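Chemist: Have a peek at input.pdb (PDB, C-alpha atoms).
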ATOM      1  CA  MET A   3     -37.186  23.523 -27.818  1.00  0.00           C
ATOM      2  CA  PRO A   4     -33.709  21.989 -28.226  1.00  0.00           C
ATOM      3  CA  ASP A   5     -31.072  23.524 -30.492  1.00  0.00           C
ATOM      4  CA  PRO A   6     -30.343  21.929 -33.886  1.00  0.00           C
ATOM      5  CA  VAL A   7     -27.776  19.107 -33.947  1.00  0.00           C
ATOM      6  CA  HIS A   8     -25.258  18.423 -36.738  1.00  0.00           C
ATOM      7  CA  VAL A   9     -23.659  14.949 -36.810  1.00  0.00           C
ATOM      8  CA  LYS A  10     -21.709  12.685 -39.175  1.00  0.00           C
ATOM      9  CA  ALA A  11     -23.319   9.271 -39.723  1.00  0.00           C
ATOM     10  CA  ALA A  12     -21.087   6.317 -38.915  1.00  0.00           C
ATOM     11  CA  ARG A  13     -21.110   3.586 -41.583  1.00  0.00           C
ATOM     12  CA  ARG A  14     -19.920   0.545 -39.660  1.00  0.00           C
ATOM     13  CA  GLU A  15     -21.563  -2.813 -40.385  1.00  0.00           C
ATOM     14  CA  GLY A  16     -24.742  -3.158 -38.356  1.00  0.00           C
ATOM     15  CA  LEU A  17     -27.117  -0.532 -37.009  1.00  0.00           C
ATOM     16  CA  ASN A  18     -25.543   2.916 -36.633  1.00  0.00           C
ATOM     17  CA  LYS A  19     -27.378   5.381 -34.409  1.00  0.00           C
ATOM     18  CA  VAL A  20     -27.170   8.709 -36.270  1.00  0.00           C
ATOM     19  CA  VAL A  21     -29.653  10.872 -34.382  1.00  0.00           C
ATOM     20  CA  ALA A  22     -30.612   9.241 -31.122  1.00  0.00           C
ATOM     21  CA  GLY A  23     -33.962   9.531 -29.421  1.00  0.00           C
ATOM     22  CA  GLY A  24     -33.945  12.610 -27.194  1.00  0.00           C
ATOM     23  CA  ALA A  25     -32.339  14.981 -29.696  1.00  0.00           C
ATOM     24  CA  LEU A  26     -35.909  15.725 -30.806  1.00  0.00           C
ATOM     25  CA  ASP A  27     -39.251  15.019 -29.158  1.00  0.00           C
ATOM     26  CA  ALA A  28     -40.332  12.314 -31.608  1.00  0.00           C
ATOM     27  CA  LEU A  29     -37.802  11.684 -34.374  1.00  0.00           C
ATOM     28  CA  SER A  30     -34.606   9.633 -34.568  1.00  0.00           C
ATOM     29  CA  LEU A  31     -32.462   8.252 -37.389  1.00  0.00           C
ATOM     30  CA  ASP A  32     -30.461   5.050 -37.867  1.00  0.00           C
ATOM     31  CA  LEU A  33     -28.281   3.891 -40.766  1.00  0.00           C
ATOM     32  CA  LEU A  34     -28.232   0.128 -41.316  1.00  0.00           C
ATOM     33  CA  VAL A  35     -25.132  -1.134 -43.141  1.00  0.00           C
ATOM     34  CA  LEU A  36     -24.991  -4.773 -44.227  1.00  0.00           C
ATOM     35  CA  ALA A  37     -22.306  -6.763 -46.022  1.00  0.00           C
ATOM     36  CA  LYS A  38     -23.302  -9.187 -48.767  1.00  0.00           C
ATOM     37  CA  GLY A  39     -25.164 -12.123 -47.212  1.00  0.00           C
ATOM     38  CA  GLN A  40     -25.465 -10.477 -43.792  1.00  0.00           C
ATOM     39  CA  SER A  41     -28.776 -10.348 -41.901  1.00  0.00           C
ATOM     40  CA  PHE A  42     -29.996  -8.046 -39.155  1.00  0.00           C
ATOM     41  CA  THR A  43     -33.117  -8.233 -37.002  1.00  0.00           C
ATOM     42  CA  PHE A  44     -34.593  -4.820 -36.260  1.00  0.00           C
ATOM     43  CA  SER A  45     -37.245  -4.096 -33.611  1.00  0.00           C
ATOM     44  CA  THR A  46     -39.296  -0.920 -33.927  1.00  0.00           C
ATOM     45  CA  GLU A  47     -40.451  -0.929 -30.295  1.00  0.00           C
ATOM     46  CA  GLY A  48     -42.542   2.227 -29.754  1.00  0.00           C
ATOM     47  CA  THR A  49     -41.654   3.863 -33.074  1.00  0.00           C
ATOM     48  CA  GLU A  50     -43.001   3.847 -36.581  1.00  0.00           C
ATOM     49  CA  ALA A  51     -39.996   3.243 -38.867  1.00  0.00           C
ATOM     50  CA  ALA A  52     -39.594   3.951 -42.579  1.00  0.00           C
ATOM     51  CA  SER A  53     -36.659   2.010 -44.070  1.00  0.00           C
ATOM     52  CA  VAL A  54     -35.475   3.871 -47.184  1.00  0.00           C
ATOM     53  CA  ILE A  55     -32.868   2.223 -49.422  1.00  0.00           C
ATOM     54  CA  MET A  56     -29.802   4.385 -50.043  1.00  0.00           C
ATOM     55  CA  SER A  57     -27.790   1.819 -51.999  1.00  0.00           C
ATOM     56  CA  GLY A  58     -27.582  -1.939 -52.451  1.00  0.00           C
ATOM     57  CA  ASP A  59     -30.057  -4.808 -52.612  1.00  0.00           C
ATOM     58  CA  ALA A  60     -31.834  -6.375 -49.628  1.00  0.00           C
ATOM     59  CA  LEU A  61     -34.858  -8.427 -48.642  1.00  0.00           C
ATOM     60  CA  VAL A  62     -37.057  -7.274 -45.764  1.00  0.00           C
ATOM     61  CA  GLY A  63     -39.164  -9.875 -43.962  1.00  0.00           C
ATOM     62  CA  VAL A  64     -41.901  -8.706 -41.586  1.00  0.00           C
ATOM     63  CA  GLN A  65     -45.087 -10.371 -40.300  1.00  0.00           C
ATOM     64  CA  GLY A  66     -44.844 -13.186 -42.847  1.00  0.00           C
ATOM     65  CA  LEU A  67     -44.387 -10.770 -45.770  1.00  0.00           C
ATOM     66  CA  GLU A  68     -41.232 -10.169 -47.817  1.00  0.00           C
ATOM     67  CA  TYR A  69     -40.235  -7.056 -49.737  1.00  0.00           C
ATOM     68  CA  ARG A  70     -37.176  -6.148 -51.790  1.00  0.00           C
ATOM     69  CA  LEU A  71     -35.289  -2.856 -51.552  1.00  0.00           C
ATOM     70  CA  LYS A  72     -32.861  -2.257 -54.423  1.00  0.00           C
ATOM     71  CA  ARG A  73     -31.036   0.888 -55.591  1.00  0.00           C
ATOM     72  CA  LYS A  74     -27.647   1.567 -57.163  1.00  0.00           C
ATOM     73  CA  SER A  75     -27.383   5.038 -55.594  1.00  0.00           C
ATOM     74  CA  VAL A  76     -29.624   7.913 -54.548  1.00  0.00           C
ATOM     75  CA  PHE A  77     -28.241   9.803 -57.565  1.00  0.00           C
ATOM     76  CA  LEU A  78     -28.935   7.022 -60.087  1.00  0.00           C
ATOM     77  CA  GLU A  79     -32.234   5.344 -59.190  1.00  0.00           C
ATOM     78  CA  ARG A  80     -35.510   6.067 -57.436  1.00  0.00           C
ATOM     79  CA  ALA A  81     -36.158   5.232 -53.807  1.00  0.00           C
ATOM     80  CA  SER A  82     -38.227   2.414 -52.377  1.00  0.00           C
ATOM     81  CA  CYS A  83     -39.294   1.977 -48.770  1.00  0.00           C
ATOM     82  CA  VAL A  84     -40.766  -0.459 -46.274  1.00  0.00           C
ATOM     83  CA  CYS A  85     -42.744   1.226 -43.486  1.00  0.00           C
ATOM     84  CA  LEU A  86     -42.829  -0.737 -40.225  1.00  0.00           C
ATOM     85  CA  PRO A  87     -45.421  -0.159 -37.470  1.00  0.00           C
ATOM     86  CA  ILE A  88     -44.767   0.014 -33.753  1.00  0.00           C
ATOM     87  CA  GLU A  89     -44.069  -3.209 -31.847  1.00  0.00           C
ATOM     88  CA  SER A  90     -42.924  -5.084 -34.942  1.00  0.00           C
ATOM     89  CA  GLU A  91     -39.767  -6.944 -35.917  1.00  0.00           C
ATOM     90  CA  ALA A  92     -38.191  -7.078 -39.366  1.00  0.00           C
ATOM     91  CA  VAL A  93     -35.301  -9.131 -40.723  1.00  0.00           C
ATOM     92  CA  PHE A  94     -33.094  -7.376 -43.282  1.00  0.00           C
ATOM     93  CA  THR A  95     -30.948  -9.660 -45.457  1.00  0.00           C
ATOM     94  CA  ALA A  96     -28.439  -8.152 -47.891  1.00  0.00           C
ATOM     95  CA  ILE A  97     -28.127  -9.675 -51.359  1.00  0.00           C
ATOM     96  CA  GLU A  98     -25.188  -7.314 -51.869  1.00  0.00           C
ATOM     97  CA  LYS A  99     -23.630  -4.602 -49.701  1.00  0.00           C
ATOM     98  CA  THR A 100     -26.516  -2.382 -48.616  1.00  0.00           C
ATOM     99  CA  GLU A 101     -27.174   0.877 -46.785  1.00  0.00           C
ATOM    100  CA  ILE A 102     -30.660   1.650 -45.512  1.00  0.00           C
ATOM    101  CA  ALA A 103     -31.742   4.799 -43.685  1.00  0.00           C
ATOM    102  CA  ILE A 104     -34.263   4.010 -40.960  1.00  0.00           C
ATOM    103  CA  CYS A 105     -36.404   7.063 -40.213  1.00  0.00           C
ATOM    104  CA  ARG A 106     -38.208   6.715 -36.901  1.00  0.00           C
ATOM    105  CA  SER A 107     -40.968   8.555 -35.045  1.00  0.00           C
ATOM    106  CA  LYS A 108     -42.467   7.849 -31.660  1.00  0.00           C
ATOM    107  CA  CYS A 109     -45.974   6.606 -32.237  1.00  0.00           C
ATOM    108  CA  GLY A 110     -48.942   5.366 -30.228  1.00  0.00           C
ATOM    109  CA  GLN A 111     -50.950   4.009 -33.146  1.00  0.00           C
ATOM    110  CA  LYS A 112     -50.676   0.365 -34.169  1.00  0.00           C
ATOM    111  CA  GLY A 113     -50.632  -0.167 -37.929  1.00  0.00           C
ATOM    112  CA  SER A 114     -49.561  -2.660 -40.568  1.00  0.00           C
ATOM    113  CA  PRO A 115     -46.353  -2.837 -42.596  1.00  0.00           C
ATOM    114  CA  PHE A 116     -46.518  -1.615 -46.174  1.00  0.00           C
ATOM    115  CA  PHE A 117     -44.218  -1.253 -49.163  1.00  0.00           C
ATOM    116  CA  VAL A 118     -43.614   1.761 -51.393  1.00  0.00           C
ATOM    117  CA  SER A 119     -42.009   0.678 -54.664  1.00  0.00           C
ATOM    118  CA  SER A 120     -39.820   2.882 -56.833  1.00  0.00           C
ATOM    119  CA  GLU A 121     -42.760   3.161 -59.258  1.00  0.00           C
ATOM    120  CA  MET A 122     -44.997   4.510 -56.480  1.00  0.00           C
ATOM    121  CA  VAL A 123     -42.851   7.454 -55.357  1.00  0.00           C
ATOM    122  CA  ARG A 124     -43.878  10.803 -56.843  1.00  0.00           C
ATOM    123  CA  GLU A 125     -41.419  13.264 -58.350  1.00  0.00           C
ATOM    124  CA  LYS A 126     -42.009  16.957 -58.961  1.00  0.00           C
ATOM    125  CA  THR A 127     -39.987  20.038 -59.833  1.00  0.00           C
ATOM    126  CA  VAL A 128     -40.452  23.019 -57.533  1.00  0.00           C
ATOM    127  CA  GLY A 129     -38.969  26.523 -57.327  1.00  0.00           C
ATOM    128  CA  ARG A 130     -37.354  28.468 -60.168  1.00  0.00           C
ATOM    129  CA  ASP A 131     -34.057  30.056 -61.175  1.00  0.00           C
ATOM    130  CA  ASN A 132     -31.246  28.774 -58.957  1.00  0.00           C
ATOM    131  CA  TRP A 133     -33.671  27.391 -56.376  1.00  0.00           C
ATOM    132  CA  GLU A 134     -35.373  24.996 -58.797  1.00  0.00           C
ATOM    133  CA  ARG A 135     -34.967  21.428 -57.513  1.00  0.00           C
ATOM    134  CA  LYS A 136     -36.464  17.959 -57.724  1.00  0.00           C
ATOM    135  CA  VAL A 137     -38.566  16.818 -54.772  1.00  0.00           C
ATOM    136  CA  VAL A 138     -39.654  13.202 -54.336  1.00  0.00           C
ATOM    137  CA  ASP A 139     -42.513  12.159 -52.045  1.00  0.00           C
ATOM    138  CA  ILE A 140     -41.942   8.699 -50.569  1.00  0.00           C
ATOM    139  CA  LEU A 141     -44.501   8.751 -47.732  1.00  0.00           C
ATOM    140  CA  GLY A 142     -46.846  11.591 -48.600  1.00  0.00           C
ATOM    141  CA  ALA A 143     -49.814  12.860 -46.623  1.00  0.00           C
ATOM    142  CA  ASP A 144     -52.076  10.296 -48.343  1.00  0.00           C
ATOM    143  CA  SER A 145     -49.966   7.249 -47.453  1.00  0.00           C
ATOM    144  CA  PRO A 146     -51.150   4.830 -44.718  1.00  0.00           C
ATOM    145  CA  ALA A 147     -48.340   5.859 -42.355  1.00  0.00           C
ATOM    146  CA  ALA A 148     -49.398   6.857 -38.841  1.00  0.00           C
ATOM    147  CA  ARG A 149     -46.941   9.680 -38.102  1.00  0.00           C
ATOM    148  CA  LEU A 150     -44.134   9.917 -40.668  1.00  0.00           C
ATOM    149  CA  VAL A 151     -43.892  12.063 -43.783  1.00  0.00           C
ATOM    150  CA  VAL A 152     -40.788  11.147 -45.838  1.00  0.00           C
ATOM    151  CA  GLY A 153     -39.191  12.418 -49.039  1.00  0.00           C
ATOM    152  CA  GLU A 154     -36.021  13.428 -50.879  1.00  0.00           C
ATOM    153  CA  THR A 155     -34.709  16.639 -52.403  1.00  0.00           C
ATOM    154  CA  PHE A 156     -32.092  16.981 -55.162  1.00  0.00           C
ATOM    155  CA  ASN A 157     -30.184  20.276 -55.562  1.00  0.00           C
ATOM    156  CA  ALA A 158     -28.331  21.080 -58.758  1.00  0.00           C
ATOM    157  CA  PRO A 159     -24.725  22.273 -58.236  1.00  0.00           C
ATOM    158  CA  GLY A 160     -24.788  25.788 -56.806  1.00  0.00           C
ATOM    159  CA  GLY A 161     -28.545  25.578 -56.213  1.00  0.00           C
ATOM    160  CA  TRP A 162     -30.718  26.267 -53.201  1.00  0.00           C
ATOM    161  CA  SER A 163     -33.628  24.373 -51.666  1.00  0.00           C
ATOM    162  CA  SER A 164     -36.018  24.649 -48.740  1.00  0.00           C
ATOM    163  CA  PHE A 165     -36.336  28.061 -50.351  1.00  0.00           C
ATOM    164  CA  PRO A 166     -37.791  30.624 -50.009  1.00  0.00           C
ATOM    165  CA  PRO A 167     -37.059  29.871 -46.334  1.00  0.00           C
ATOM    166  CA  HIS A 168     -39.963  28.309 -44.447  1.00  0.00           C
ATOM    167  CA  LYS A 169     -40.604  26.928 -40.986  1.00  0.00           C
ATOM    168  CA  HIS A 170     -43.053  24.567 -39.294  1.00  0.00           C
ATOM    169  CA  ASP A 171     -42.492  24.990 -35.554  1.00  0.00           C
ATOM    170  CA  THR A 172     -45.747  26.660 -34.472  1.00  0.00           C
ATOM    171  CA  ALA A 173     -49.342  25.460 -34.633  1.00  0.00           C
ATOM    172  CA  THR A 174     -51.298  28.205 -36.412  1.00  0.00           C
ATOM    173  CA  PRO A 175     -54.551  26.878 -37.905  1.00  0.00           C
ATOM    174  CA  GLY A 176     -54.683  27.394 -41.652  1.00  0.00           C
ATOM    175  CA  VAL A 177     -51.166  28.869 -41.727  1.00  0.00           C
ATOM    176  CA  GLU A 178     -48.612  26.509 -40.187  1.00  0.00           C
ATOM    177  CA  ALA A 179     -48.511  22.983 -38.759  1.00  0.00           C
ATOM    178  CA  LYS A 180     -46.037  22.159 -35.994  1.00  0.00           C
ATOM    179  CA  MET A 181     -43.618  19.449 -37.147  1.00  0.00           C
ATOM    180  CA  GLU A 182     -40.003  18.561 -36.386  1.00  0.00           C
ATOM    181  CA  GLU A 183     -37.641  17.301 -39.104  1.00  0.00           C
ATOM    182  CA  ILE A 184     -34.322  15.578 -39.848  1.00  0.00           C
ATOM    183  CA  TYR A 185     -32.170  15.871 -43.000  1.00  0.00           C
ATOM    184  CA  LEU A 186     -29.601  13.262 -44.115  1.00  0.00           C
ATOM    185  CA  PHE A 187     -27.248  14.601 -46.815  1.00  0.00           C
ATOM    186  CA  ARG A 188     -25.350  13.050 -49.713  1.00  0.00           C
ATOM    187  CA  LEU A 189     -22.967  14.855 -52.116  1.00  0.00           C
ATOM    188  CA  ASP A 190     -22.035  14.041 -55.711  1.00  0.00           C
ATOM    189  CA  PRO A 191     -19.040  13.763 -55.937  1.00  0.00           C
ATOM    190  CA  PRO A 192     -18.828  12.913 -52.211  1.00  0.00           C
ATOM    191  CA  GLU A 193     -15.935  15.319 -51.492  1.00  0.00           C
ATOM    192  CA  GLY A 194     -18.238  18.343 -51.870  1.00  0.00           C
ATOM    193  CA  PHE A 195     -20.264  20.196 -49.269  1.00  0.00           C
ATOM    194  CA  GLY A 196     -23.348  22.296 -48.817  1.00  0.00           C
ATOM    195  CA  THR A 197     -24.684  24.645 -46.164  1.00  0.00           C
ATOM    196  CA  GLN A 198     -27.627  24.211 -43.822  1.00  0.00           C
ATOM    197  CA  THR A 199     -28.781  27.378 -42.106  1.00  0.00           C
ATOM    198  CA  ILE A 200     -31.422  27.402 -39.372  1.00  0.00           C
ATOM    199  CA  TYR A 201     -32.622  30.726 -38.026  1.00  0.00           C
ATOM    200  CA  GLY A 202     -35.496  32.140 -36.013  1.00  0.00           C
ATOM    201  CA  SER A 203     -36.404  33.767 -32.735  1.00  0.00           C
ATOM    202  CA  GLN A 204     -34.147  31.316 -30.857  1.00  0.00           C
ATOM    203  CA  GLY A 205     -31.020  32.277 -32.804  1.00  0.00           C
ATOM    204  CA  THR A 206     -29.065  31.274 -35.911  1.00  0.00           C
ATOM    205  CA  HIS A 207     -27.069  28.149 -36.718  1.00  0.00           C
ATOM    206  CA  SER A 208     -25.133  27.533 -39.931  1.00  0.00           C
ATOM    207  CA  PHE A 209     -23.517  24.180 -40.715  1.00  0.00           C
ATOM    208  CA  LYS A 210     -21.131  23.028 -43.428  1.00  0.00           C
ATOM    209  CA  VAL A 211     -22.714  19.707 -44.391  1.00  0.00           C
ATOM    210  CA  GLY A 212     -20.859  16.914 -46.117  1.00  0.00           C
ATOM    211  CA  ASP A 213     -21.588  13.419 -47.396  1.00  0.00           C
ATOM    212  CA  TYR A 214     -23.571  11.395 -44.806  1.00  0.00           C
ATOM    213  CA  ASP A 215     -24.069  14.367 -42.457  1.00  0.00           C
ATOM    214  CA  ALA A 216     -27.406  14.731 -40.666  1.00  0.00           C
ATOM    215  CA  VAL A 217     -29.045  17.832 -39.186  1.00  0.00           C
ATOM    216  CA  THR A 218     -32.039  18.092 -36.851  1.00  0.00           C
ATOM    217  CA  ILE A 219     -34.566  20.876 -37.387  1.00  0.00           C
ATOM    218  CA  PRO A 220     -36.517  21.418 -34.170  1.00  0.00           C
ATOM    219  CA  TRP A 221     -37.505  24.992 -35.058  1.00  0.00           C
ATOM    220  CA  GLY A 222     -36.842  27.869 -37.414  1.00  0.00           C
ATOM    221  CA  TYR A 223     -36.438  28.614 -41.100  1.00  0.00           C
ATOM    222  CA  HIS A 224     -33.990  26.159 -42.690  1.00  0.00           C
ATOM    223  CA  PRO A 225     -32.703  26.870 -46.235  1.00  0.00           C
ATOM    224  CA  VAL A 226     -30.057  24.655 -47.884  1.00  0.00           C
ATOM    225  CA  SER A 227     -27.464  25.449 -50.552  1.00  0.00           C
ATOM    226  CA  ALA A 228     -25.051  23.331 -52.611  1.00  0.00           C
ATOM    227  CA  MET A 229     -21.541  24.368 -53.591  1.00  0.00           C
ATOM    228  CA  PRO A 230     -20.845  24.891 -57.322  1.00  0.00           C
ATOM    229  CA  GLY A 231     -19.727  21.738 -59.121  1.00  0.00           C
ATOM    230  CA  TYR A 232     -21.372  19.313 -56.696  1.00  0.00           C
ATOM    231  CA  GLY A 233     -24.892  17.942 -56.635  1.00  0.00           C
ATOM    232  CA  LEU A 234     -26.557  17.748 -53.227  1.00  0.00           C
ATOM    233  CA  TYR A 235     -29.217  15.334 -52.011  1.00  0.00           C
ATOM    234  CA  TYR A 236     -31.018  15.034 -48.719  1.00  0.00           C
ATOM    235  CA  LEU A 237     -33.477  12.563 -47.302  1.00  0.00           C
ATOM    236  CA  TRP A 238     -35.994  14.419 -45.142  1.00  0.00           C
ATOM    237  CA  PHE A 239     -38.633  13.212 -42.750  1.00  0.00           C
ATOM    238  CA  LEU A 240     -41.077  14.883 -40.400  1.00  0.00           C
ATOM    239  CA  SER A 241     -43.461  14.115 -37.573  1.00  0.00           C
ATOM    240  CA  GLY A 242     -45.863  16.373 -35.753  1.00  0.00           C
ATOM    241  CA  GLU A 243     -49.456  17.486 -35.620  1.00  0.00           C
ATOM    242  CA  GLY A 244     -51.128  15.460 -38.345  1.00  0.00           C
ATOM    243  CA  ARG A 245     -49.404  14.482 -41.587  1.00  0.00           C
ATOM    244  CA  ALA A 246     -50.402  17.362 -43.867  1.00  0.00           C
ATOM    245  CA  LEU A 247     -47.451  19.651 -44.570  1.00  0.00           C
ATOM    246  CA  MET A 248     -48.167  23.335 -43.976  1.00  0.00           C
ATOM    247  CA  PRO A 249     -44.860  25.271 -44.220  1.00  0.00           C
ATOM    248  CA  ASN A 250     -44.883  28.974 -43.382  1.00  0.00           C
ATOM    249  CA  THR A 251     -42.603  31.151 -45.555  1.00  0.00           C
ATOM    250  CA  ASP A 252     -40.435  33.840 -43.959  1.00  0.00           C
ATOM    251  CA  PRO A 253     -42.474  37.026 -44.599  1.00  0.00           C
ATOM    252  CA  ASP A 254     -39.284  38.922 -45.547  1.00  0.00           C
ATOM    253  CA  TYR A 255     -38.864  36.625 -48.577  1.00  0.00           C
ATOM    254  CA  LYS A 256     -42.441  35.733 -49.422  1.00  0.00           C
ATOM    255  CA  TRP A 257     -42.322  38.146 -52.362  1.00  0.00           C
ATOM    256  CA  LEU A 258     -40.109  35.591 -54.136  1.00  0.00           C
ATOM    257  CA  GLU A 259     -43.074  33.211 -54.375  1.00  0.00           C
ATOM    258  CA  ALA A 260     -45.000  35.717 -56.528  1.00  0.00           C
ATOM    259  CA  LYS A 261     -42.396  36.006 -59.287  1.00  0.00           C
TER     260      LYS A 261
END
With the file now loaded, output its structure as structure tokens.
Modeler:
Amino acid sequence: MPDPVHVKAARREGLNKVVAGGALDALSLDLLVLAKGQSFTFSTEGTEAASVIMSGDALVGVQGLEYRLKRKSVFLERASCVCLPIESEAVFTAIEKTEIAICRSKCGQKGSPFFVSSEMVREKTVGRDNWERKVVDILGADSPAARLVVGETFNAPGGWSSFPPHKHDTATPGVEAKMEEIYLFRLDPPEGFGTQTIYGSQGTHSFKVGDYDAVTIPWGYHPVSAMPGYGLYYLWFLSGEGRALMPNTDPDYKWLEAK
């Protein structure tokens, strides 16, 4: 399996390739940036694509349908998403300056576009102590997506997430499902940073992650921490064997789950 990749997302007007196809077996990530009044035609080709609003206000037209994605900021309002099937074309038109993360997975199954409104996403609080965080399911296991599972995590300043450390790189029936993953980070205020550590039998990688950084997770345990004084957010999405998440906690730290 490839090593993890840490990149800074470009934010030029148009479609910015953040994690290109080939960095992982199935997943890739784009960031679409549109000025007020600007339109962009996006083709999914052989990928299923979940377009998650990061900020702004835009209309999405696909297969004769039109949806609206609107959000002041990931830190201020809930997400909404338009999921696009393979071999489809969508036109994004910005009502005001807009940034949309386009989460993509290779896919062989033809589906239909669908919309997830901000009222449809599901929030929950998980963990405890300084690893308590808010997790939001955008495309959960029960959504009509073909391959993608998509959500968001919000760390309090100084807090941890993806904790206790877990992995999902090996197919072990009833224990662990094999899935690869990408994180896209935001910081509040944006000058802050967090850490992303990935470790396992293939080695250890530790990254200082800033605003609009992305990290691929092809294997290994992958905890995240936020620096004191700064809130940390990341958009996460997975693809693999099925769509039911089955993370496997590091046995050295599994005792933390029992507290």
Chemist: Name the residues within 12 Å of (-43.8, 1.3, -58.3), counting all atoms listed in the file in the file's coordinates, and put them as JSON, numbers by chain.
Modeler: {"A": [70, 71, 80, 81, 82, 83, 117, 118, 119, 120, 121, 122, 123, 124, 140]}
Chemist: Suppose a student applies the PyMOL selection byres ((chain A and resi 194) around 9) to this structure; what residues should they get, written as a PyMOL selection string?
Modeler: chain A and resi 189-193+195-196+211-213+228-234
Chemist: What does the distance between atom CA of Ile55 of chain A and atom CA of Gly160 of chain A come to in Å, to one decimal place?
Modeler: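 Here the two named atoms are 26.0 Å from each other.
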Chemist: Which residue, A:Gly24, A:Thr95, A:Leu247, A:Trp238, has the smallest gap to Val137 of chain A when you use all atoms listed in the file?
Modeler: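 Under the stated criterion, the closest residue is A:Trp238.
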Chemist: Check the smallest atom-to-atom distance from each of A:Val76, A:Val138, A:Ala148, A:Leu186 to Ile104 of chain A using only C-alpha atoms, then report the winner.
Modeler: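 Among the listed residues, A:Leu186 lies closest to Ile104 of chain A.
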Chemist: What are the centre and the three edge lengths of an axis-aligned box that wraps all atoms of segment 39-43 of chain A in the file, given that 4 Å is added to every side, written as JSON and rounded to one decimal in Å?
Modeler:
{"center_x": -29.1, "center_y": -10.1, "center_z": -42.1, "size_x": 16.0, "size_y": 12.1, "size_z": 18.2}
Chemist: Have a look at atom CA of Phe239 of chain A and atom CA of Ala25 of chain A and let me know their distance in Å, one decimal.
Modeler: 14.6 Å
Chemist: To one decimal place in Å, what is the distance between atom CA of Arg135 of chain A and atom CA of Val35 of chain A?
Modeler: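 One can read the atom CA of Arg135 of chain A to atom CA of Val35 of chain A distance as 28.5 Å.
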Chemist: Find the residue from A:Gly205, A:His168, A:Thr199, A:Gly58 that sits nearest to Pro253 of chain A; use all atoms listed in the file when measuring.
Modeler: A:His168
Chemist: Please provide as a VMD selection string all residues within 9 Å of Ala246 of chain A, with the sequence filter that same-chain residues fewer than 4 positions apart are discarded (counting all atoms listed in the file).
Modeler: chain A and resid 142 to 144 151 179
Chemist: Skip Tyr214 of chain A itself and residues of its chain fewer than 5 positions away, then list as a list in words all residues within 9 Å of it, counting all atoms listed in the file.
Modeler: Val9, Lys10, Ala11, Ala12, Arg13, Leu186, Phe187, Arg188, Leu189 and Pro192 of chain A
Chemist: Grab the residues selected above and save them as a PDB file, in the coordinates of the input with C-alpha atoms.
Modeler:
ATOM      1  CA  VAL A   9     -23.659  14.949 -36.810  1.00  0.00           C
ATOM      2  CA  LYS A  10     -21.709  12.685 -39.175  1.00  0.00           C
ATOM      3  CA  ALA A  11     -23.319   9.271 -39.723  1.00  0.00           C
ATOM      4  CA  ALA A  12     -21.087   6.317 -38.915  1.00  0.00           C
ATOM      5  CA  ARG A  13     -21.110   3.586 -41.583  1.00  0.00           C
ATOM      6  CA  LEU A 186     -29.601  13.262 -44.115  1.00  0.00           C
ATOM      7  CA  PHE A 187     -27.248  14.601 -46.815  1.00  0.00           C
ATOM      8  CA  ARG A 188     -25.350  13.050 -49.713  1.00  0.00           C
ATOM      9  CA  LEU A 189     -22.967  14.855 -52.116  1.00  0.00           C
ATOM     10  CA  PRO A 192     -18.828  12.913 -52.211  1.00  0.00           C
TER      11      PRO A 192
END
Chemist: On this structure, the PyMOL selection byres ((chain A and resi 112) around 8) would catch which residues? List them as a list of chain:residue names, sorted by chain and number.
Modeler: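 Applied to this file, the PyMOL selection byres ((chain A and resi 112) around 8) selects A:Pro87, A:Ile88, A:Glu89, A:Gly110, A:Gln111, A:Gly113, A:Ser114.
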